[in-house]
Structures are given as structure tokens and as C-alpha cells.
$ cat run_33.cif   # mmCIF, C-alpha atoms
data_data
loop_
_atom_site.group_PDB
_atom_site.id
_atom_site.type_symbol
_atom_site.label_atom_id
_atom_site.label_comp_id
_atom_site.auth_asym_id
_atom_site.auth_seq_id
_atom_site.Cartn_x
_atom_site.Cartn_y
_atom_site.Cartn_z
ATOM 1 C CA MET Q 1 14.039 -1.968 -14.568
ATOM 2 C CA ALA Q 2 11.608 -3.135 -17.241
ATOM 3 C CA GLN Q 3 8.029 -1.870 -17.320
ATOM 4 C CA SER Q 4 6.756 -5.428 -16.782
ATOM 5 C CA GLU Q 5 8.852 -5.738 -13.594
ATOM 6 C CA ILE Q 6 7.357 -2.508 -12.260
ATOM 7 C CA LEU Q 7 3.856 -3.791 -13.018
ATOM 8 C CA ASP Q 8 4.669 -7.126 -11.367
ATOM 9 C CA ASP Q 9 5.874 -5.336 -8.212
ATOM 10 C CA SER Q 10 2.756 -3.154 -8.236
ATOM 11 C CA LEU Q 11 0.487 -6.181 -8.487
ATOM 12 C CA GLU Q 12 2.383 -7.952 -5.708
ATOM 13 C CA ILE Q 13 2.127 -4.851 -3.505
ATOM 14 C CA LEU Q 14 -1.622 -4.682 -4.136
ATOM 15 C CA ASP Q 15 -1.916 -8.364 -3.269
ATOM 16 C CA CYS Q 16 -0.163 -7.674 0.059
ATOM 17 C CA LEU Q 17 -2.457 -4.738 0.732
ATOM 18 C CA ASP Q 18 -5.494 -6.926 0.030
ATOM 19 C CA ARG Q 19 -4.238 -9.543 2.501
ATOM 20 C CA GLY Q 20 -3.630 -6.873 5.113
ATOM 21 C CA PHE Q 21 -7.088 -5.379 4.669
ATOM 22 C CA SER Q 22 -8.685 -8.822 4.915
ATOM 23 C CA ARG Q 23 -7.679 -8.919 8.608
ATOM 24 C CA PHE Q 24 -10.331 -6.271 9.232
ATOM 25 C CA GLY Q 25 -13.175 -7.741 7.197
ATOM 26 C CA GLN Q 26 -14.082 -8.801 3.709
ATOM 27 C CA SER Q 27 -15.065 -5.399 2.298
ATOM 28 C CA VAL Q 28 -12.626 -3.056 4.069
ATOM 29 C CA GLY Q 29 -10.143 -3.029 1.199
ATOM 30 C CA ASN Q 30 -12.872 -2.368 -1.345
ATOM 31 C CA VAL Q 31 -14.060 0.646 0.631
ATOM 32 C CA VAL Q 32 -10.541 2.087 0.915
ATOM 33 C CA TYR Q 33 -9.768 1.549 -2.783
ATOM 34 C CA TRP Q 34 -13.114 3.088 -3.745
ATOM 35 C CA LYS Q 35 -12.497 6.196 -1.639
ATOM 36 C CA PHE Q 36 -8.951 6.477 -3.010
ATOM 37 C CA GLN Q 37 -10.256 6.321 -6.584
ATOM 38 C CA PHE Q 38 -13.166 8.665 -5.878
ATOM 39 C CA THR Q 39 -11.152 11.392 -4.156
ATOM 40 C CA THR Q 40 -7.955 11.238 -6.229
ATOM 41 C CA LYS Q 41 -9.348 10.177 -9.629
ATOM 42 C CA LEU Q 42 -6.501 7.644 -9.753
ATOM 43 C CA SER Q 43 -6.907 3.934 -10.441
ATOM 44 C CA LYS Q 44 -6.267 1.173 -7.931
ATOM 45 C CA LEU Q 45 -3.020 0.347 -9.768
ATOM 46 C CA GLU Q 46 -1.801 3.882 -9.108
ATOM 47 C CA VAL Q 47 -1.783 3.271 -5.345
ATOM 48 C CA THR Q 48 1.849 2.211 -5.703
ATOM 49 C CA LYS Q 49 2.719 5.460 -7.473
ATOM 50 C CA ARG Q 50 1.036 7.627 -4.850
ATOM 51 C CA PRO Q 51 1.335 5.862 -1.500
ATOM 52 C CA ASP Q 52 1.115 9.272 0.196
ATOM 53 C CA LEU Q 53 -2.426 9.781 -1.084
ATOM 54 C CA PHE Q 54 -3.363 6.184 -0.295
ATOM 55 C CA SER Q 55 -2.107 6.597 3.267
ATOM 56 C CA LEU Q 56 -4.078 9.831 3.557
ATOM 57 C CA THR Q 57 -7.197 7.959 2.406
ATOM 58 C CA ILE Q 58 -6.663 5.339 5.118
ATOM 59 C CA GLN Q 59 -6.228 8.064 7.743
ATOM 60 C CA GLU Q 60 -9.380 9.872 6.580
ATOM 61 C CA ILE Q 61 -11.464 6.715 6.889
ATOM 62 C CA PHE Q 62 -10.061 5.223 10.091
ATOM 63 C CA ARG Q 63 -8.778 8.335 11.903
ATOM 64 C CA GLU Q 64 -6.826 7.119 14.966
ATOM 65 C CA GLY Q 65 -7.229 3.500 13.848
ATOM 66 C CA GLY Q 66 -5.450 4.271 10.580
ATOM 67 C CA LYS Q 67 -2.082 3.484 12.129
ATOM 68 C CA ILE Q 68 -3.296 0.000 13.087
ATOM 69 C CA VAL Q 69 -4.525 -0.614 9.542
ATOM 70 C CA GLU Q 70 -1.273 0.663 8.038
ATOM 71 C CA ASN Q 71 0.762 -1.540 10.382
ATOM 72 C CA ALA Q 72 -1.162 -4.607 9.182
ATOM 73 C CA LEU Q 73 -0.422 -3.640 5.578
ATOM 74 C CA ILE Q 74 3.246 -3.012 6.360
ATOM 75 C CA GLN Q 75 3.528 -6.454 7.988
ATOM 76 C CA GLU Q 76 2.326 -8.082 4.771
ATOM 77 C CA LEU Q 77 4.808 -6.039 2.736
ATOM 78 C CA LYS Q 78 7.675 -6.988 5.068
ATOM 79 C CA VAL Q 79 6.948 -10.690 4.654
ATOM 80 C CA LYS Q 80 6.531 -10.628 0.870
ATOM 81 C CA PHE Q 81 9.344 -8.258 -0.060
ATOM 82 C CA GLN Q 82 11.719 -9.037 2.814
ATOM 83 C CA ILE Q 83 12.317 -5.382 3.514
ATOM 84 C CA ALA Q 84 14.136 -4.339 6.676
ATOM 85 C CA ASP Q 85 12.390 -5.228 9.905
ATOM 86 C CA ARG Q 86 12.268 -1.738 11.355
ATOM 87 C CA ASN Q 87 9.623 0.712 12.501
ATOM 88 C CA TYR Q 88 8.437 2.433 9.352
ATOM 89 C CA ALA Q 89 7.010 5.938 9.595
ATOM 90 C CA GLY Q 90 3.987 4.677 7.686
ATOM 91 C CA LEU Q 91 2.812 2.869 4.613
ATOM 92 C CA GLU Q 92 4.453 5.388 2.292
ATOM 93 C CA ASP Q 93 7.833 4.787 3.947
ATOM 94 C CA ALA Q 94 7.511 0.994 3.597
ATOM 95 C CA MET Q 95 6.412 1.207 -0.046
ATOM 96 C CA ASN Q 96 9.289 3.559 -0.838
ATOM 97 C CA SER Q 97 11.680 1.008 0.695
ATOM 98 C CA ILE Q 98 10.341 -1.588 -1.729
ATOM 99 C CA LYS Q 99 10.810 0.774 -4.682
ATOM 100 C CA THR Q 100 14.350 1.636 -3.579
ATOM 101 C CA ARG Q 101 15.220 -2.030 -3.152
ATOM 102 C CA SER Q 102 13.764 -2.877 -6.579
ATOM 103 C CA PHE Q 103 15.846 -0.225 -8.308
ATOM 104 C CA GLN Q 104 19.028 -1.441 -6.604
ATOM 105 C CA ASN Q 105 18.612 -5.005 -7.977
#

$ encode --input "run_33.cif" --output "C-alpha cells"
Amino acid sequence: MAQSEILDDSLEILDCLDRGFSRFGQSVGNVVYWKFQFTTKLSKLEVTKRPDLFSLTIQEIFREGGKIVENALIQELKVKFQIADRNYAGLEDAMNSIKTRSFQN
């Protein structure tokens, strides 16, 4: 897989995440990305490389509501990437399915 294809997938994933966050308000995504960057010292683009840390950030902010937020993000990923319609363990699981699918093509 070419580096440009990986970047394209990353940008498309971030676009899906933005759409999912928008369900909860205009600035929700900005707050989550900011906290992710602040606590991990990683850039927004690195969310796709470390979905575990991004999921942890969501859980830290929303606590019990984190699952609802993650489910909204997963729904957007399912539609865009046409990944299996199953119950994912979380955002990390769904994003790993996209990576696995991308490497198989």
C-alpha cells in the first residue's frame, strides 16, 4: 500500500469522525482532538495510528457516555468504508477492521 493511500484513508477516517462528532454539537470534535493532542503529544492525523489512545481520550471526557459517542463514530465508519455490520468492541476495533481491509486490497 502506497504512503499516499494510507494518508487518504487517514483523512477519510478523520472526516468520518468529524461527522460523527457533529451529531453532538459543533465543538465536540475540537475538544476531543485538543485533549488527544494535549495528553498524548500526537497530532490529529495520528489518531488513526493510535485509535486506542483516541478511544481512551473519548472515555476520559464522556465517561459512561463515551460508548454512545464511539457508536456514532463507528456508524460513520461503517457507512464510508463498508466494513462488516457487526457489534464492534469499540472505536479501536472498527478502525483496525478498516486497516485490515485496506491491506487486503

$ resolve_selection --input "run_33.cif" --expression "the PyMOL selection byres ((chain Q and resi 38-48) around 8)" --output "list in words"
Ser10, Leu11, Ile13, Leu14, Tyr33, Trp34, Lys35, Phe36, Gln37, Lys49, Arg50, Pro51, Leu53, Phe54 and Met95 of chain Q

$ resolve_selection --input "run_33.cif" --expression "the PyMOL selection byres ((chain Q and resi 17-26) around 9)" --output "PyMOL selection string"
chain Q and resi 12-16+27-30+69-77

$ atom_distance --input "run_33.cif" --atom1 "atom CA of Ala89 of chain Q" --atom2 "atom CA of Ile61 of chain Q"
18.7 Å

$ axis_aligned_box --input "run_33.cif" --around "segment 39-49 of chain Q" --padding-each-side "8 Å" --output "lines of an AutoDock Vina configuration file"
center_x = -4.2
center_y = 5.9
center_z = -7.3
size_x = 29.9
size_y = 27.0
size_z = 22.3

$ residues_around --input "run_33.cif" --residues "Asp52 of chain Q" --least-positions-apart "3" --cutoff "8 Å" --atoms "only C-alpha atoms" --output "list in words"
Ser55, Leu56, Leu91 and Glu92 of chain Q

$ closest_residue --input "run_33.cif" --among "Q:Val32, Q:Val79, Q:Ala84, Q:Ile98" --to "Phe62 of chain Q" --atoms "all atoms listed in the file"
Q:Val32

$ atom_distance --input "run_33.cif" --atom1 "atom CA of Asn96 of chain Q" --atom2 "atom CA of Val31 of chain Q"
23.6 Å

$ atom_distance --input "run_33.cif" --atom1 "atom CA of Ile58 of chain Q" --atom2 "atom CA of Asp8 of chain Q"
23.6 Å
